[in-house]
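Engineer: Mind having a look at this structure? Questions to follow.
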Amino acid sequence: MTAAKYRHTQASSQQCNMLSIYKILIITLLAGMGYIQANGDIKAVEVVPKDVANLTLVESQQRSVGDTAYSFRCTVGPGKTARVTCAGHDRTTWATPHNVELTLNCPPNGQGPTIAYAEINFTVTTTNVNCLVTAGGVGYNFIQMKVNAFGTTLLDYSDTFYNY
């Protein structure tokens with residue numbers, strides 16, 4: 001009798017544990033399906049995702065044995081306009097590979113005209129790169145973009161931000 005009761009208790013414990021695991025999985029799944037934010041009126045408002053940056057490999061050039069430079073273009077927005085809001089460039093080299101994060105803000109000190117298009121051209125010695133909009137974007141009066149290059153000995157870039 002004790003053995004049977006023990007098996008029953010063990011089975012109930014396993015069922016309880018499985019139910020807890022299923023609850024956790026369901027909650028995690030629901031949390032990952034969407035991000036909803038509540039405003040002051042307790043209405044559900046869907047958060048607008050950041051602009052998606054288009055990253056294109058433009059050219060690769062062998063500089064020396066085992067050393068290739070890759071040129072990329074990262075863009076956001078429908079197309080260039082005649083009005084340049086911000087522009088910049090820089091070049092840095094290292095003797096050993098570095099993980100680099102370049103953060104660009106336009107305008108540099110806050111808000112300005114509405115951003116219409118952004119373009120960053122950069123050259124690195126790795127294809128392990130990404131480019132993304134991290135704040136603001138096209139249609140906003142500011143934008144922040146980040147370029148990451150992992151394991152590069154070179155970062156040569158120019159950026160141009162256009163407004164309407």
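Chains: A, B, ... in order of the structure tokens. Residues: from 1 per chain. Ligands: from 1, in order shown.
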For Leu57 in chain A, work out the shell of residues within 10 Å, counting only C-alpha atoms and skipping chain neighbours fewer than 2 positions away, then give it as a list in words.

Structural biologist: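 Returned residues: Leu55, Glu59, Ser60, Tyr70, Ser71, Phe72, Arg73, Cys74, Asn121, Phe122, Thr123 and Thr127 of chain A.
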
Engineer: Which residues are near range 82-86 of chain A? Cut-off 8 Å, only C-alpha atoms, ignore same chain within fewer than 5 positions. Put them as a list of chain:residue names.

Structural biologist: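 The neighbour list is A:Cys106, A:Pro107, A:Pro113, A:Ile115, A:Asp159, A:Thr160, A:Phe161, A:Tyr162, A:Asn163, A:Tyr164.
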
Engineer: With only C-alpha atoms as the basis for distance, which of A:Thr93, A:Ala53, A:Asn128, A:Gln62 is at the shortest distance from Gln144 in chain A?

Structural biologist: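 Closest to Gln144 in chain A of all the choices is A:Ala53.
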
Engineer: In Å to one decimal, how far is CA of His98 in chain A from CA of Phe150 in chain A?

Structural biologist: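 Atom-to-atom, CA of Phe150 in chain A to CA of His98 in chain A, that is 6.5 Å.
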
Engineer: At a cut-off of 8 Å, using only C-alpha atoms, what residues contact Asn105 in chain A? Leave out same-chain residues fewer than 4 positions from it and give the result as a PyMOL selection string.

Structural biologist: chain A and resi 109+142-145

Engineer: DSSP says strand (DSSP E) for which residues of range 42-122 of chain A? Put them as an MDAnalysis selection string?

Structural biologist: chainID A and resid 44:46 54:64 67:76 83:106 115:122

Engineer: Excluding Val129 in chain A and residues on its chain fewer than 2 positions from it, collect all residues at most 8 Å away from it, counting only C-alpha atoms, and give them as a ChimeraX atom specification.

Structural biologist: /A:126-127,131,147-150

Engineer: Store the residues picked out above in a file with N, CA, C and O atoms, as an mmCIF file, in the first residue's frame.

Structural biologist:
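Result file result.cif:
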data_model
loop_
_atom_site.group_PDB
_atom_site.id
_atom_site.type_symbol
_atom_site.label_atom_id
_atom_site.label_comp_id
_atom_site.auth_asym_id
_atom_site.auth_seq_id
_atom_site.Cartn_x
_atom_site.Cartn_y
_atom_site.Cartn_z
ATOM 1 N N THR A 126 37.256 42.755 -42.628
ATOM 2 C CA THR A 126 36.465 41.595 -42.216
ATOM 3 C C THR A 126 35.101 41.659 -42.887
ATOM 4 O O THR A 126 34.649 42.749 -43.258
ATOM 5 N N THR A 127 34.468 40.535 -43.040
ATOM 6 C CA THR A 127 33.082 40.522 -43.530
ATOM 7 C C THR A 127 32.108 40.327 -42.378
ATOM 8 O O THR A 127 30.896 40.286 -42.588
ATOM 9 N N CYS A 131 25.114 46.780 -39.416
ATOM 10 C CA CYS A 131 24.785 48.195 -39.408
ATOM 11 C C CYS A 131 23.312 48.311 -39.053
ATOM 12 O O CYS A 131 22.489 47.590 -39.621
ATOM 13 N N VAL A 147 27.592 51.000 -36.557
ATOM 14 C CA VAL A 147 28.283 50.054 -37.430
ATOM 15 C C VAL A 147 29.196 49.241 -36.532
ATOM 16 O O VAL A 147 29.944 49.803 -35.730
ATOM 17 N N ASN A 148 29.118 47.920 -36.642
ATOM 18 C CA ASN A 148 30.009 47.028 -35.904
ATOM 19 C C ASN A 148 30.857 46.249 -36.900
ATOM 20 O O ASN A 148 30.340 45.767 -37.904
ATOM 21 N N ALA A 149 32.137 46.134 -36.597
ATOM 22 C CA ALA A 149 33.055 45.310 -37.377
ATOM 23 C C ALA A 149 33.864 44.486 -36.376
ATOM 24 O O ALA A 149 34.466 45.041 -35.462
ATOM 25 N N PHE A 150 33.837 43.184 -36.564
ATOM 26 C CA PHE A 150 34.481 42.283 -35.605
ATOM 27 C C PHE A 150 35.746 41.696 -36.216
ATOM 28 O O PHE A 150 35.693 41.012 -37.230
#

Engineer: Write out as a ChimeraX atom specification which residues come within 12 Å of Trp94 in chain A when counting only C-alpha atoms, dropping same-chain ones fewer than 4 positions away.

Structural biologist: /A:98-100,124-125,151-156

Engineer: Residues within 8 Å of Tyr117 in chain A, please, as a list of chain:residue names. Count only C-alpha atoms; anything in the same chain fewer than 5 positions from it doesn't count.

Structural biologist: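 Once the nearby chain positions are removed, what remains is A:Thr75, A:Val76, A:Gly77, A:Pro78, A:Gly79, A:Lys80, A:Thr81, A:Val138, A:Phe161, A:Tyr162, A:Asn163.
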
Engineer: Go ahead and write the selection's residues with all heavy atoms as a short mmCIF file (atom, residue, chain, number, x, y, z; two decimals), in the first residue's frame.

Structural biologist:
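Everything below was put into selection_36.cif:
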data_model
loop_
_atom_site.label_atom_id
_atom_site.label_comp_id
_atom_site.auth_asym_id
_atom_site.auth_seq_id
_atom_site.Cartn_x
_atom_site.Cartn_y
_atom_site.Cartn_z
N THR A 75 22.52 51.86 -45.89
CA THR A 75 21.58 52.93 -46.19
C THR A 75 20.27 52.73 -45.45
O THR A 75 19.89 51.61 -45.12
CB THR A 75 21.27 53.02 -47.70
OG1 THR A 75 20.70 51.77 -48.12
CG2 THR A 75 22.52 53.31 -48.51
N VAL A 76 19.59 53.86 -45.21
CA VAL A 76 18.25 53.86 -44.62
C VAL A 76 17.45 54.94 -45.33
O VAL A 76 17.94 56.06 -45.47
CB VAL A 76 18.29 54.17 -43.10
CG1 VAL A 76 16.89 54.24 -42.53
CG2 VAL A 76 19.12 53.16 -42.36
N GLY A 77 16.27 54.61 -45.78
CA GLY A 77 15.40 55.59 -46.41
C GLY A 77 15.22 55.34 -47.88
O GLY A 77 15.93 54.52 -48.48
N PRO A 78 14.26 56.05 -48.48
CA PRO A 78 13.91 55.81 -49.88
C PRO A 78 14.94 56.32 -50.89
O PRO A 78 15.07 55.77 -51.97
CB PRO A 78 12.58 56.53 -50.06
CG PRO A 78 12.54 57.56 -48.99
CD PRO A 78 13.35 57.01 -47.85
N GLY A 79 15.68 57.39 -50.58
CA GLY A 79 16.66 57.89 -51.53
C GLY A 79 17.21 59.24 -51.12
O GLY A 79 16.65 59.93 -50.27
N LYS A 80 18.33 59.62 -51.75
CA LYS A 80 19.00 60.88 -51.44
C LYS A 80 18.13 62.07 -51.83
O LYS A 80 17.33 61.99 -52.75
CB LYS A 80 20.32 60.97 -52.20
CG LYS A 80 21.34 59.95 -51.78
CD LYS A 80 22.61 60.10 -52.60
CE LYS A 80 23.60 59.03 -52.25
NZ LYS A 80 24.83 59.14 -53.05
N THR A 81 18.33 63.17 -51.11
CA THR A 81 17.72 64.44 -51.47
C THR A 81 18.85 65.43 -51.71
O THR A 81 20.03 65.09 -51.56
CB THR A 81 16.80 64.98 -50.34
OG1 THR A 81 17.62 65.30 -49.20
CG2 THR A 81 15.74 63.96 -49.95
N VAL A 138 14.36 57.63 -40.23
CA VAL A 138 13.75 58.38 -41.32
C VAL A 138 12.37 58.84 -40.87
O VAL A 138 11.60 58.07 -40.31
CB VAL A 138 13.66 57.51 -42.60
CG1 VAL A 138 12.85 58.20 -43.68
CG2 VAL A 138 15.07 57.18 -43.09
N PHE A 161 24.00 62.29 -44.15
CA PHE A 161 22.60 62.24 -43.73
C PHE A 161 21.86 63.36 -44.45
O PHE A 161 22.32 64.51 -44.45
CB PHE A 161 22.48 62.40 -42.21
CG PHE A 161 23.14 61.29 -41.45
CD1 PHE A 161 24.48 61.36 -41.10
CD2 PHE A 161 22.42 60.16 -41.09
CE1 PHE A 161 25.09 60.34 -40.39
CE2 PHE A 161 23.03 59.14 -40.37
CZ PHE A 161 24.36 59.22 -40.03
N TYR A 162 20.73 63.03 -45.05
CA TYR A 162 19.97 63.98 -45.84
C TYR A 162 18.64 64.29 -45.16
O TYR A 162 18.08 63.45 -44.46
CB TYR A 162 19.68 63.40 -47.23
CG TYR A 162 20.93 63.09 -48.02
CD1 TYR A 162 21.61 61.89 -47.85
CD2 TYR A 162 21.43 64.00 -48.95
CE1 TYR A 162 22.75 61.60 -48.57
CE2 TYR A 162 22.58 63.72 -49.69
CZ TYR A 162 23.23 62.52 -49.50
OH TYR A 162 24.37 62.24 -50.22
N ASN A 163 18.11 65.50 -45.41
CA ASN A 163 16.80 65.86 -44.89
C ASN A 163 15.87 66.24 -46.04
O ASN A 163 16.31 66.39 -47.18
CB ASN A 163 16.91 66.98 -43.85
CG ASN A 163 17.34 68.29 -44.45
OD1 ASN A 163 18.38 68.36 -45.11
ND2 ASN A 163 16.60 69.33 -44.21
#
